[in-house]
There are 2 protein chains.
Amino acid sequence: MDLNEVGMEISEKMPFLAEYWPFIITVLVCVLAAIVLFKTALDSPSDESLPPEPDLLDELDDLEGLDDENEAPAEDEDEGPALPSDLKHVPLQFERRTPLESLTRSQEFLDLMSTRRTVRSFSSDPVSPEIIRNIIKTAGTAPSGAHTEPWTYVVVTDMEMKVKIREIVEHEERINYERRMGDQWVTDLKPLKTFWEKEYLSVAPYLILVFKQVYGFKENGRKKTHYYNEMSVAIASGILLTAIHNAGLVSLTSTPLNCGPAIRVLLGRPKNEKLTLLLPVGYPAPDATVPDLTRKPLEDILVEI
Amino acid sequence: MDLNEVGMEISEKMPFLAEYWPFIITVLVCVLAAIVLFKTALDSPSDESLPPEPDLLDELDDLEGLDDENEAPAEDEDEGPALPSDLKHVPLQFERRTPLESLTRSQEFLDLMSTRRTVRSFSSDPVSPEIIRNIIKTAGTAPSGAHTEPWTYVVVTDMEMKVKIREIVEHEERINYERRMGDQWVTDLKPLKTFWEKEYLSVAPYLILVFKQVYGFKENGRKKTHYYNEMSVAIASGILLTAIHNAGLVSLTSTPLNCGPAIRVLLGRPKNEKLTLLLPVGYPAPDATVPDLTRKPLEDILVEI
């Protein structure tokens, strides 16, 4: 039975359809196509014509139901709180410093932090692993959404692994600079003399790779929501950078675009962890230079009300 | 001339169209409708059935062409770099500490930061504004994407303003707790004894409101892209929290859900600034308690390769 025969049969029962049946079928097909297109657009808002997003965002694609990092968990996972519900509250241990002491300390800390610079040329001189462990422990004191502590620090000293990381980063960075980032971004980075070659990745004695855990696991194996995981990990990274500088070491805060998935697999990290920052840590090369930048004066960043 | 007449005229020139012209017009209309639907879906991926997003994300809606914080600027804005293209590079000022000194400093800093706790009961005792200014200056030493320094710190001491901020936050937080956050989130926060009432907002001597500048402006008034502004501001906030604790003060890291737009308007901040964190700062109340939390041991957060 071909379509014309169908038309004939229908026309016997519903005469008004005789003339318009191809029209009606077309409308139905088009409505269906429109619905499919609409759903596709909602599911994958990325578009070839849009600029590339950093791997931190790309990677969220492989998560189910957690595209919004603060999304409430699925209804069937509702159960007791992640922390003990009878968590005791204890008096805060606090010794008040004198106002003068506070003022002096705030000035000294400002002086210390004002000398921090992002460094791109490293010495290969070794650094005691105990110092690095203290620095990671210090980052671990950061606050986090509902005390979920959604971070993993992978510290790489193995040369073979550093070389592999460098290969991944340089491969992606070359594509980033040549194709993904756009002329303006590349132009904006030129005065800082950054480029796709990253010699420091195989020279610095330590690479610290900061992973955010987009979700965690409860004791019963179910998924645990990590509220504000991206922000928590970035705040912890601020404390990490402070600890690195305080210990007399230098670093470079880098967010390697699109390298996250490959590096995660290389390091054997699970799917709930996403690379957020990659920091080489060590001493600067003897001839290290830095761009002659100034920082905004206080009146440009502070509003008092 | 009605549609049938059009059909007749066309059929004289192109006979095959005589039978199928309503069909063809329908296809054209449907394709047009599909394109419109598709574009609409791409432009507004939000959906009533999705859980509420934090105001940081909500607010991005009122920006044009900057939904992705690392998006390259529109083609017509391409021009010279944001920093001077002849930016000089100068030798890094660096004095190497001895390994023992580094180890000792890293241990002392860990001991200091380990005593930091998030505090929810504040004393109204005053704190010198000089200390707060040093703290903000210290946060201003943070690294940022392409050195854009995309942050504004609004420090509120005016009581009337603090009360208004408290009203906005409590109004929204009540809705968050009762409707938006979902049972699991509210359950997860119960052990921490947080609730929609925020007495500390009118008690603490200082409120520090951290705004990220989603974009900035060049000298010629054009938009300047702020690469990784959210992450830069969160890293700076980690340094801010460290500076607060180092000065002997306490704070609470809060991300008031959905309060951003109202508080931004209240404080008279421009549209390119989005509220990221709200931190009360001061001394703890004499009877302040904290949840008896432990932090993850080093082996749970560090992987050495």
# chains A, B, ... in the order shown; residues from 1 in each chain; ligands from 1
>>> select_by_dssp(residues="range 123-196 of chain B", states="alpha helix (DSSP H)", output="VMD selection string")
chain B and resid 129 to 139 159 to 175 183 to 189
>>> write_last_selection(atoms="C-alpha atoms", output="CSV table (one decimal), in the first residue's frame")
chain,number,residue,atom,x,y,z
B,129,PRO,CA,40.0,50.1,59.6
B,130,GLU,CA,43.8,50.1,58.9
B,131,ILE,CA,43.8,46.4,59.6
B,132,ILE,CA,41.0,45.8,57.1
B,133,ARG,CA,42.7,47.9,54.5
B,134,ASN,CA,45.9,45.9,54.8
B,135,ILE,CA,43.8,42.7,54.5
B,136,ILE,CA,42.2,44.0,51.3
B,137,LYS,CA,45.5,45.1,49.9
B,138,THR,CA,46.9,41.6,50.6
B,139,ALA,CA,44.0,40.0,48.7
B,159,MET,CA,24.8,50.0,60.4
B,160,GLU,CA,21.8,51.1,58.3
B,161,MET,CA,23.4,49.4,55.2
B,162,LYS,CA,24.2,46.3,57.2
B,163,VAL,CA,20.6,46.0,58.3
B,164,LYS,CA,19.4,46.3,54.7
B,165,ILE,CA,21.9,43.7,53.5
B,166,ARG,CA,20.7,41.4,56.3
B,167,GLU,CA,17.1,41.9,55.2
B,168,ILE,CA,17.8,40.9,51.6
B,169,VAL,CA,19.9,37.9,52.7
B,170,GLU,CA,17.3,36.6,55.2
B,171,HIS,CA,14.5,37.1,52.8
B,172,GLU,CA,16.2,35.1,50.1
B,173,GLU,CA,17.7,32.5,52.4
B,174,ARG,CA,14.3,31.8,53.9
B,175,ILE,CA,13.1,30.9,50.4
B,183,ASP,CA,15.8,18.4,51.3
B,184,GLN,CA,19.2,16.9,50.9
B,185,TRP,CA,21.1,20.2,50.9
B,186,VAL,CA,19.1,21.4,53.9
B,187,THR,CA,19.8,18.1,55.7
B,188,ASP,CA,23.5,18.3,54.8
B,189,LEU,CA,23.7,21.8,56.4
>>> residues_around(residues="Leu279 in chain A", least_positions_apart="4", cutoff="9 Å", atoms="only C-alpha atoms", output="PDB file with N, CA, C and O atoms, in the first residue's frame")
ATOM      1  N   LEU A 201      57.552  22.722  32.792  1.00  0.00           N
ATOM      2  CA  LEU A 201      56.845  21.511  33.217  1.00  0.00           C
ATOM      3  C   LEU A 201      57.784  20.323  33.410  1.00  0.00           C
ATOM      4  O   LEU A 201      57.466  19.395  34.158  1.00  0.00           O
ATOM      5  N   TYR A 206      58.773  20.061  41.249  1.00  0.00           N
ATOM      6  CA  TYR A 206      57.426  19.573  41.575  1.00  0.00           C
ATOM      7  C   TYR A 206      56.382  20.144  40.625  1.00  0.00           C
ATOM      8  O   TYR A 206      56.426  21.336  40.277  1.00  0.00           O
ATOM      9  N   LEU A 207      55.436  19.292  40.247  1.00  0.00           N
ATOM     10  CA  LEU A 207      54.211  19.784  39.618  1.00  0.00           C
ATOM     11  C   LEU A 207      53.080  19.449  40.592  1.00  0.00           C
ATOM     12  O   LEU A 207      52.923  18.293  40.995  1.00  0.00           O
ATOM     13  N   ILE A 208      52.323  20.473  40.989  1.00  0.00           N
ATOM     14  CA  ILE A 208      51.130  20.208  41.811  1.00  0.00           C
ATOM     15  C   ILE A 208      49.908  20.344  40.909  1.00  0.00           C
ATOM     16  O   ILE A 208      49.672  21.407  40.330  1.00  0.00           O
ATOM     17  N   LEU A 209      49.164  19.255  40.768  1.00  0.00           N
ATOM     18  CA  LEU A 209      47.943  19.273  39.953  1.00  0.00           C
ATOM     19  C   LEU A 209      46.753  19.271  40.895  1.00  0.00           C
ATOM     20  O   LEU A 209      46.580  18.338  41.686  1.00  0.00           O
ATOM     21  N   VAL A 210      45.971  20.349  40.832  1.00  0.00           N
ATOM     22  CA  VAL A 210      44.839  20.506  41.746  1.00  0.00           C
ATOM     23  C   VAL A 210      43.575  19.986  41.063  1.00  0.00           C
ATOM     24  O   VAL A 210      43.166  20.511  40.025  1.00  0.00           O
ATOM     25  N   SER A 251      56.008  29.801  42.077  1.00  0.00           N
ATOM     26  CA  SER A 251      55.053  28.976  41.346  1.00  0.00           C
ATOM     27  C   SER A 251      54.485  29.759  40.169  1.00  0.00           C
ATOM     28  O   SER A 251      54.777  30.947  39.978  1.00  0.00           O
ATOM     29  N   LEU A 252      53.671  29.071  39.384  1.00  0.00           N
ATOM     30  CA  LEU A 252      52.970  29.693  38.264  1.00  0.00           C
ATOM     31  C   LEU A 252      51.559  29.137  38.292  1.00  0.00           C
ATOM     32  O   LEU A 252      51.368  27.915  38.305  1.00  0.00           O
ATOM     33  N   THR A 253      50.581  30.020  38.331  1.00  0.00           N
ATOM     34  CA  THR A 253      49.193  29.578  38.386  1.00  0.00           C
ATOM     35  C   THR A 253      48.706  29.343  36.963  1.00  0.00           C
ATOM     36  O   THR A 253      48.471  30.301  36.230  1.00  0.00           O
ATOM     37  N   SER A 254      48.566  28.090  36.555  1.00  0.00           N
ATOM     38  CA  SER A 254      48.148  27.844  35.183  1.00  0.00           C
ATOM     39  C   SER A 254      46.880  27.010  35.114  1.00  0.00           C
ATOM     40  O   SER A 254      46.626  26.156  35.964  1.00  0.00           O
ATOM     41  N   THR A 255      46.063  27.308  34.122  1.00  0.00           N
ATOM     42  CA  THR A 255      44.811  26.591  33.894  1.00  0.00           C
ATOM     43  C   THR A 255      44.858  26.012  32.482  1.00  0.00           C
ATOM     44  O   THR A 255      44.328  26.602  31.559  1.00  0.00           O
TER      45      THR A 255
END
>>> atom_distance(atom1="CA of Pro191 in chain B", atom2="CA of Ala146 in chain A")
9.1 Å
>>> residues_around(residues="His147 in chain B", least_positions_apart="4", cutoff="9 Å", atoms="only C-alpha atoms", output="PyMOL selection string")
(chain A and resi 192+293+295) or (chain B and resi 83+143+226)
>>> atom_distance(atom1="CA of Pro84 in chain B", atom2="CA of Thr148 in chain B")
12.6 Å
>>> closest_residue(among="B:Phe122, B:Trp196, B:Phe94, B:Tyr177", to="chain A", atoms="only C-alpha atoms")
B:Phe94
>>> atom_distance(atom1="CA of Asn246 in chain A", atom2="CA of Tyr153 in chain A")
18.8 Å
>>> closest_residue(among="B:Asn176, B:Thr225, B:Asn220, B:Ser128", to="Glu197 in chain B", atoms="only C-alpha atoms")
B:Asn176
>>> residues_around(residues="Ala285 in chain A", least_positions_apart="3", cutoff="9 Å", atoms="only C-alpha atoms", output="list in words")
Arg120, Ser121, Phe122, Ser123, Ser124, Ala288 and Thr289 of chain A
>>> write_last_selection(atoms="N, CA, C and O atoms", output="PDB file, in the first residue's frame")
ATOM      1  N   ARG A 120      58.005  32.067  35.479  1.00  0.00           N
ATOM      2  CA  ARG A 120      57.919  31.144  34.336  1.00  0.00           C
ATOM      3  C   ARG A 120      59.215  30.419  34.021  1.00  0.00           C
ATOM      4  O   ARG A 120      59.238  29.551  33.161  1.00  0.00           O
ATOM      5  N   SER A 121      60.326  30.793  34.713  1.00  0.00           N
ATOM      6  CA  SER A 121      61.595  30.052  34.514  1.00  0.00           C
ATOM      7  C   SER A 121      62.015  29.449  35.841  1.00  0.00           C
ATOM      8  O   SER A 121      62.238  30.193  36.816  1.00  0.00           O
ATOM      9  N   PHE A 122      62.114  28.143  35.858  1.00  0.00           N
ATOM     10  CA  PHE A 122      62.421  27.447  37.109  1.00  0.00           C
ATOM     11  C   PHE A 122      63.824  26.869  37.094  1.00  0.00           C
ATOM     12  O   PHE A 122      64.371  26.535  36.050  1.00  0.00           O
ATOM     13  N   SER A 123      64.380  26.740  38.294  1.00  0.00           N
ATOM     14  CA  SER A 123      65.599  25.973  38.509  1.00  0.00           C
ATOM     15  C   SER A 123      65.170  24.531  38.781  1.00  0.00           C
ATOM     16  O   SER A 123      64.074  24.281  39.276  1.00  0.00           O
ATOM     17  N   SER A 124      66.075  23.587  38.464  1.00  0.00           N
ATOM     18  CA  SER A 124      65.734  22.190  38.763  1.00  0.00           C
ATOM     19  C   SER A 124      66.225  21.786  40.153  1.00  0.00           C
ATOM     20  O   SER A 124      66.130  20.621  40.540  1.00  0.00           O
ATOM     21  N   ALA A 288      65.826  34.340  36.054  1.00  0.00           N
ATOM     22  CA  ALA A 288      64.384  34.523  35.844  1.00  0.00           C
ATOM     23  C   ALA A 288      64.009  35.998  35.786  1.00  0.00           C
ATOM     24  O   ALA A 288      64.480  36.804  36.590  1.00  0.00           O
ATOM     25  N   THR A 289      63.177  36.336  34.819  1.00  0.00           N
ATOM     26  CA  THR A 289      62.651  37.703  34.752  1.00  0.00           C
ATOM     27  C   THR A 289      61.135  37.647  34.903  1.00  0.00           C
ATOM     28  O   THR A 289      60.520  36.604  34.720  1.00  0.00           O
TER      29      THR A 289
END
>>> select_by_dssp(residues="range 86-185 of chain A", states="strand (DSSP E or B)", output="mmCIF file with C-alpha atoms, in the first residue's frame")
data_model
loop_
_atom_site.group_PDB
_atom_site.id
_atom_site.type_symbol
_atom_site.label_atom_id
_atom_site.label_comp_id
_atom_site.auth_asym_id
_atom_site.auth_seq_id
_atom_site.Cartn_x
_atom_site.Cartn_y
_atom_site.Cartn_z
ATOM 1 C CA HIS A 89 29.410 21.932 68.806
ATOM 2 C CA VAL A 90 32.339 22.912 71.020
ATOM 3 C CA PRO A 91 33.637 26.269 72.266
ATOM 4 C CA THR A 118 54.239 34.445 39.006
ATOM 5 C CA PHE A 122 62.421 27.447 37.109
ATOM 6 C CA TRP A 151 39.990 18.422 46.520
ATOM 7 C CA THR A 152 42.785 16.089 45.510
ATOM 8 C CA TYR A 153 46.373 17.285 45.112
ATOM 9 C CA VAL A 154 48.544 15.174 42.821
ATOM 10 C CA VAL A 155 52.217 16.000 43.339
ATOM 11 C CA VAL A 156 54.450 14.772 40.515
#
